Amino acid sequence: MGLPETQGSTALLTDHYELTMLGSALADGTGDRPCVFEVFARRLPDGRRYGVVAGTGRVLDAIADFRFTDAEITQLAQTAVVDDATLAWLADYEFSGDIEGYPEGELYFPGSPVLTVRGSFNEAVVLETLILSILNHDSAIASAAARMSSAASNRPIIEMGSRRTQEYSAVAAARAAYLAGFAATSNLEAGRRYGIPTRGTVAHAFMLLHDSEEDAFRAQVEKMGTDTTLLVDTYDITQGIETAVRVAGPELGAIRIDSGDVGVLARKAREQLDSLGARDTRIVVSGDLDEHAIAALRAEPVDAYGVGTSVVTGSGAPTAGMVYKLVEVDGRPVAKRSENKASRGGQKTAFRRHKPTGTALEEVVHSSQVEVELGQYDRALQIPLMRGGQPAEDLPSLDDARERLRHCLVSLPWEGLKLSKGEPAIPTVFLEEEK
């Protein structure tokens with residue numbers, strides 16, 4: 001879904017300048033020309049070695065809901081954004097074109113044709129802001145979350161960043177993080193809407209509410225059972241662990257450490273828990289973690305991580321930097337020539353070459369008008385997403401996207417999974433450059 005039900009139509013996510021182009025194209029008759037728009041990133045965020053496509057499912061839902069209601073038409077009329085002829089056209093708007101693109105969970109690189117939108121200029125141009133706002137946000141979150149999941153080495157991560165972003169983007173961020181390998185979210189709306197497992201424990205406010213730490217622990221255990229997670233660092237962590245085990249017994253499910261040098265504290269906590277007979281009690285750490293902090297904790301006795309701010313802000317790269325460019329008009333390639341912002345004309349598609357071992361070699365982008373025979377280890381990347389304005393059949397699910405990303409990451413050269421700055425994991429090759 002594009003936006004929560006309470007937000008109504010997605011139509012006014014259109015940008016003012018898109019309606020300016022629409023009105024002018026309607027007036028001079030060029031708006032009916034068949035066009036192709038492409039979504040791609042000219043480059044990856046600084047130092048990143050791969051990007052993860054996320055948000056495609058939300059884009060398709062948002063386009064299906066994209067209508068200009070009476071309220072929105074009235075708003076546009078009262079503010080004189082467009083003329084009466086344009087208002088009449090918008091009142092009947094319904095996308096009827098075709099869309100192909102990379103499925104969610106696929107990797108992308110500079111120049112990858114992540115999304116291809118075909119339709120008249122008029123019906124495609126008004127979708128630019130809607131499409132980019134979703135893909136840029138969700139792909140940025142998923143790209144950061146994938147790096148964290150890789151760094152965690154199969155230890156589960158809980159997304160808990162809702163308080164660090166806008167309320168609706170929090171739901172989308174939870175979805176993107178789950179797609180990228182996170183095990184659960186604390187966001188209940190994301191759980192309701194997308195079926196994502198939800199997890200959570202108490203905050204320090206609950207501990208401070210009670211007259212003693214023991215009273216707080218006892219209240220939580222009596223309500224939630226001994227498999228709950230007790231927050232042990234509100235006061236003295238050593239005393240907190242001793243009290244937690246005394247209250248819950250050695251069957252205590254987990255403790256959470258939310259501050260301090262969590263690596264050192266986790267090591268000491270493991271020793272103390274073992275000495276108290278709580279050998280199966282898990283240790284969960286949280287508190288300003290990112291992929292680098294998680295990687296630094298690999299050797300420590302940490303069982304799970306809670307990540308908030310860094311994942312919902314893209315861990316330093318809050319946008320994927322994708323753009324939406326017109327590349328074909330009436331079957332004729334068109335391209336922008338601006339310095340440092342040039343584009344390649346014509347509708348394109350792509351495949352990825354692999355070694356016999358499955359390791360990815362390069363991303364090959366070529367004209368969709370050229371027949372390319374795929375080799376035994378080549379894999380086509382675009383799939384049908386919409387046909388005639390309707391979702392294509394057998395679209396991948398969110399769980400399919402998780403599995404796709406897992407396979408994609410395994411296929412990268414080992415250097416491509418490094419967290420240090422570097423070039424893209426595999427090069428993008430434009431086929432015409434090979435001639």
# chains A, B, ... in the order shown; residues from 1 in each chain; ligands from 1
>>> residues_around(residues="stretch 125-127 of chain A", least_positions_apart="6", cutoff="7 Å", atoms="only C-alpha atoms", output="number ranges by chain")
A: 14, 18-19
>>> residues_around(residues="A:Asp261", least_positions_apart="3", cutoff="12 Å", atoms="only C-alpha atoms", output="ChimeraX atom specification")
/A:233,237,257-258,264-269,285-289,293,296-297,300
>>> write_last_selection(atoms="N, CA and C atoms", output="compact mmCIF listing (two decimals), in the first residue's frame")
# COMPACT_ATOMS: atom_id res chain seq x y z
N ASP A 233 20.37 -2.62 32.33
CA ASP A 233 21.38 -1.57 32.51
C ASP A 233 20.81 -0.23 32.92
N ILE A 237 24.66 -2.65 36.00
CA ILE A 237 24.37 -3.80 35.15
C ILE A 237 24.69 -5.12 35.84
N ILE A 257 21.13 -5.13 26.80
CA ILE A 257 22.08 -4.07 27.19
C ILE A 257 21.95 -2.96 26.18
N ASP A 258 21.68 -1.74 26.65
CA ASP A 258 21.32 -0.64 25.75
C ASP A 258 22.29 0.53 25.80
N VAL A 264 32.28 -5.13 25.58
CA VAL A 264 32.87 -5.48 26.87
C VAL A 264 31.79 -5.93 27.85
N LEU A 265 30.68 -5.20 27.87
CA LEU A 265 29.60 -5.53 28.78
C LEU A 265 28.98 -6.88 28.44
N ALA A 266 28.87 -7.19 27.16
CA ALA A 266 28.31 -8.49 26.76
C ALA A 266 29.21 -9.63 27.22
N ARG A 267 30.51 -9.43 27.13
CA ARG A 267 31.46 -10.46 27.55
C ARG A 267 31.32 -10.72 29.05
N LYS A 268 31.29 -9.64 29.81
CA LYS A 268 31.15 -9.79 31.26
C LYS A 268 29.79 -10.38 31.63
N ALA A 269 28.75 -9.95 30.88
CA ALA A 269 27.41 -10.46 31.15
C ALA A 269 27.33 -11.97 30.90
N VAL A 285 21.80 -6.74 22.39
CA VAL A 285 22.41 -5.42 22.56
C VAL A 285 21.75 -4.43 21.61
N SER A 286 21.67 -3.18 22.04
CA SER A 286 21.10 -2.10 21.24
C SER A 286 21.81 -0.82 21.62
N GLY A 287 21.39 0.29 21.01
CA GLY A 287 21.99 1.58 21.36
C GLY A 287 22.93 2.09 20.29
N ASP A 288 22.39 2.82 19.30
CA ASP A 288 23.18 3.48 18.26
C ASP A 288 24.07 2.52 17.48
N LEU A 289 23.57 1.34 17.17
CA LEU A 289 24.35 0.38 16.39
C LEU A 289 24.18 0.66 14.89
N ALA A 293 29.47 -1.08 13.80
CA ALA A 293 29.43 -1.51 15.20
C ALA A 293 29.06 -2.98 15.29
N ALA A 296 32.01 -5.09 14.45
CA ALA A 296 33.00 -5.08 15.53
C ALA A 296 32.60 -6.01 16.67
N LEU A 297 31.33 -6.40 16.73
CA LEU A 297 30.84 -7.26 17.81
C LEU A 297 30.80 -8.73 17.42
N GLU A 300 32.09 -11.16 19.95
CA GLU A 300 31.54 -11.07 21.30
C GLU A 300 30.33 -11.99 21.45
>>> atom_distance(atom1="atom CA of A:Thr201", atom2="atom CA of A:Pro156")
15.4 Å
>>> residues_around(residues="stretch 343-348 of chain A", least_positions_apart="2", cutoff="6 Å", atoms="only C-alpha atoms", output="PyMOL selection string")
chain A and resi 327-328+333-336+366-368
>>> write_last_selection(atoms="all heavy atoms", output="short mmCIF file (atom, residue, chain, number, x, y, z; two decimals), in the first residue's frame")
data_model
loop_
_atom_site.label_atom_id
_atom_site.label_comp_id
_atom_site.auth_asym_id
_atom_site.auth_seq_id
_atom_site.Cartn_x
_atom_site.Cartn_y
_atom_site.Cartn_z
N VAL A 327 13.41 8.48 -21.87
CA VAL A 327 14.47 7.93 -22.72
C VAL A 327 13.97 7.58 -24.12
O VAL A 327 14.78 7.26 -25.00
CB VAL A 327 15.09 6.66 -22.08
CG1 VAL A 327 15.79 7.00 -20.77
CG2 VAL A 327 14.05 5.57 -21.88
N GLU A 328 12.64 7.68 -24.34
CA GLU A 328 12.13 7.32 -25.67
C GLU A 328 10.80 8.03 -25.92
O GLU A 328 9.95 8.09 -25.04
CB GLU A 328 11.95 5.79 -25.76
CG GLU A 328 11.80 5.25 -27.17
CD GLU A 328 11.89 3.73 -27.18
OE1 GLU A 328 13.01 3.21 -26.95
OE2 GLU A 328 10.85 3.08 -27.38
N PRO A 333 14.84 7.16 -29.56
CA PRO A 333 15.63 7.41 -28.35
C PRO A 333 15.84 8.90 -28.12
O PRO A 333 16.10 9.66 -29.09
CB PRO A 333 16.96 6.70 -28.62
CG PRO A 333 16.64 5.69 -29.66
CD PRO A 333 15.57 6.31 -30.51
N VAL A 334 15.71 9.33 -26.88
CA VAL A 334 16.03 10.71 -26.49
C VAL A 334 16.93 10.63 -25.26
O VAL A 334 16.84 9.70 -24.47
CB VAL A 334 14.77 11.54 -26.19
CG1 VAL A 334 13.92 11.69 -27.44
CG2 VAL A 334 13.96 10.92 -25.05
N ALA A 335 17.80 11.63 -25.13
CA ALA A 335 18.76 11.59 -24.02
C ALA A 335 19.15 12.98 -23.59
O ALA A 335 19.25 13.90 -24.42
CB ALA A 335 20.02 10.81 -24.42
N LYS A 336 19.35 13.14 -22.31
CA LYS A 336 19.84 14.39 -21.74
C LYS A 336 21.34 14.46 -21.91
O LYS A 336 22.05 13.46 -21.69
CB LYS A 336 19.47 14.42 -20.25
CG LYS A 336 19.83 15.68 -19.51
CD LYS A 336 19.32 15.58 -18.07
CE LYS A 336 19.71 16.81 -17.25
NZ LYS A 336 19.21 16.72 -15.86
N HIS A 366 21.56 -3.22 -22.05
CA HIS A 366 21.51 -3.12 -23.51
C HIS A 366 20.13 -2.67 -23.96
O HIS A 366 19.15 -2.71 -23.19
CB HIS A 366 21.86 -4.47 -24.15
CG HIS A 366 20.90 -5.58 -23.82
ND1 HIS A 366 19.80 -5.87 -24.60
CD2 HIS A 366 20.87 -6.46 -22.78
CE1 HIS A 366 19.15 -6.89 -24.07
NE2 HIS A 366 19.77 -7.26 -22.97
N SER A 367 20.03 -2.24 -25.19
CA SER A 367 18.76 -1.81 -25.77
C SER A 367 17.77 -2.96 -25.76
O SER A 367 18.11 -4.10 -26.11
CB SER A 367 18.97 -1.31 -27.20
OG SER A 367 17.73 -1.14 -27.85
N SER A 368 16.53 -2.66 -25.40
CA SER A 368 15.52 -3.70 -25.42
C SER A 368 15.12 -4.09 -26.83
O SER A 368 14.42 -5.09 -27.04
CB SER A 368 14.28 -3.23 -24.64
OG SER A 368 13.73 -2.08 -25.25
#
>>> residues_around(residues="A:Asp236", least_positions_apart="4", cutoff="12 Å", atoms="only C-alpha atoms", output="MDAnalysis selection string")
chainID A and resid 213 231:232 240:244 257 259:260 265 269
>>> select_by_dssp(residues="stretch 230-303 of chain A", states="helix (DSSP H, G or I)", output="PyMOL selection string")
chain A and resi 237-248+262-275+291-296
>>> residues_around(residues="stretch 55-60 of chain A", least_positions_apart="5", cutoff="9 Å", atoms="only C-alpha atoms", output="list in words")
Met1, Gly2, Leu3, Asp65, Gly101, Tyr102, Pro103, Glu104, Leu115, Leu130, Ile131, Leu132, Ile134, Leu135, Asn136, His137, Asp138, Ser139, Ala172, Arg175, Ala176, Leu385, Met386, Gln390, Pro391, Leu395, Pro396, Ser397 and Leu398 of chain A
>>> select_by_dssp(residues="stretch 228-275 of chain A", states="strand (DSSP E or B)", output="PyMOL selection string")
chain A and resi 229-231+254-257
>>> write_last_selection(atoms="N, CA, C and O atoms", output="CSV table (one decimal), in the first residue's frame")
chain,number,residue,atom,x,y,z
A,229,THR,N,12.5,-10.7,27.8
A,229,THR,CA,13.8,-10.0,27.8
A,229,THR,C,13.8,-8.9,28.8
A,229,THR,O,13.0,-8.0,28.7
A,230,LEU,N,14.7,-9.0,29.8
A,230,LEU,CA,14.8,-8.0,30.8
A,230,LEU,C,15.9,-7.0,30.6
A,230,LEU,O,17.0,-7.4,30.2
A,231,LEU,N,15.6,-5.7,30.7
A,231,LEU,CA,16.5,-4.6,30.5
A,231,LEU,C,17.3,-4.4,31.7
A,231,LEU,O,16.8,-4.0,32.8
A,254,ALA,N,16.1,-13.7,28.0
A,254,ALA,CA,17.2,-12.9,27.5
A,254,ALA,C,17.4,-11.6,28.3
A,254,ALA,O,16.4,-11.3,29.1
A,255,ILE,N,18.5,-11.0,28.3
A,255,ILE,CA,18.7,-9.7,28.8
A,255,ILE,C,19.1,-8.8,27.7
A,255,ILE,O,19.5,-9.2,26.6
A,256,ARG,N,18.8,-7.5,27.9
A,256,ARG,CA,19.1,-6.5,26.9
A,256,ARG,C,20.1,-5.4,27.5
A,256,ARG,O,19.8,-5.0,28.7
A,257,ILE,N,21.1,-5.1,26.8
A,257,ILE,CA,22.1,-4.1,27.2
A,257,ILE,C,21.9,-3.0,26.2
A,257,ILE,O,22.1,-3.2,25.0
>>> closest_residue(among="A:Glu189, A:Glu123, A:Glu38, A:Asp15", to="A:Ile63", atoms="only C-alpha atoms")
A:Glu123
>>> closest_residue(among="A:Leu87, A:Ala299, A:Ala320, A:Ile158", to="A:Val114", atoms="only C-alpha atoms")
A:Ala320
>>> residues_around(residues="stretch 378-381 of chain A", least_positions_apart="5", cutoff="10 Å", atoms="only C-alpha atoms", output="number ranges by chain")
A: 100-103, 106-108, 112-114, 349-356, 358, 360-365, 373
>>> closest_residue(among="A:Glu167, A:Glu271, A:Asp32, A:Glu432", to="A:Ser120", atoms="only C-alpha atoms")
A:Asp32
>>> residues_around(residues="A:Arg48", least_positions_apart="6", cutoff="10 Å", atoms="only C-alpha atoms", output="PyMOL selection string")
chain A and resi 109+143-144+147+317+416-425
>>> atom_distance(atom1="atom CA of A:Ser169", atom2="atom CA of A:Val202")
23.1 Å
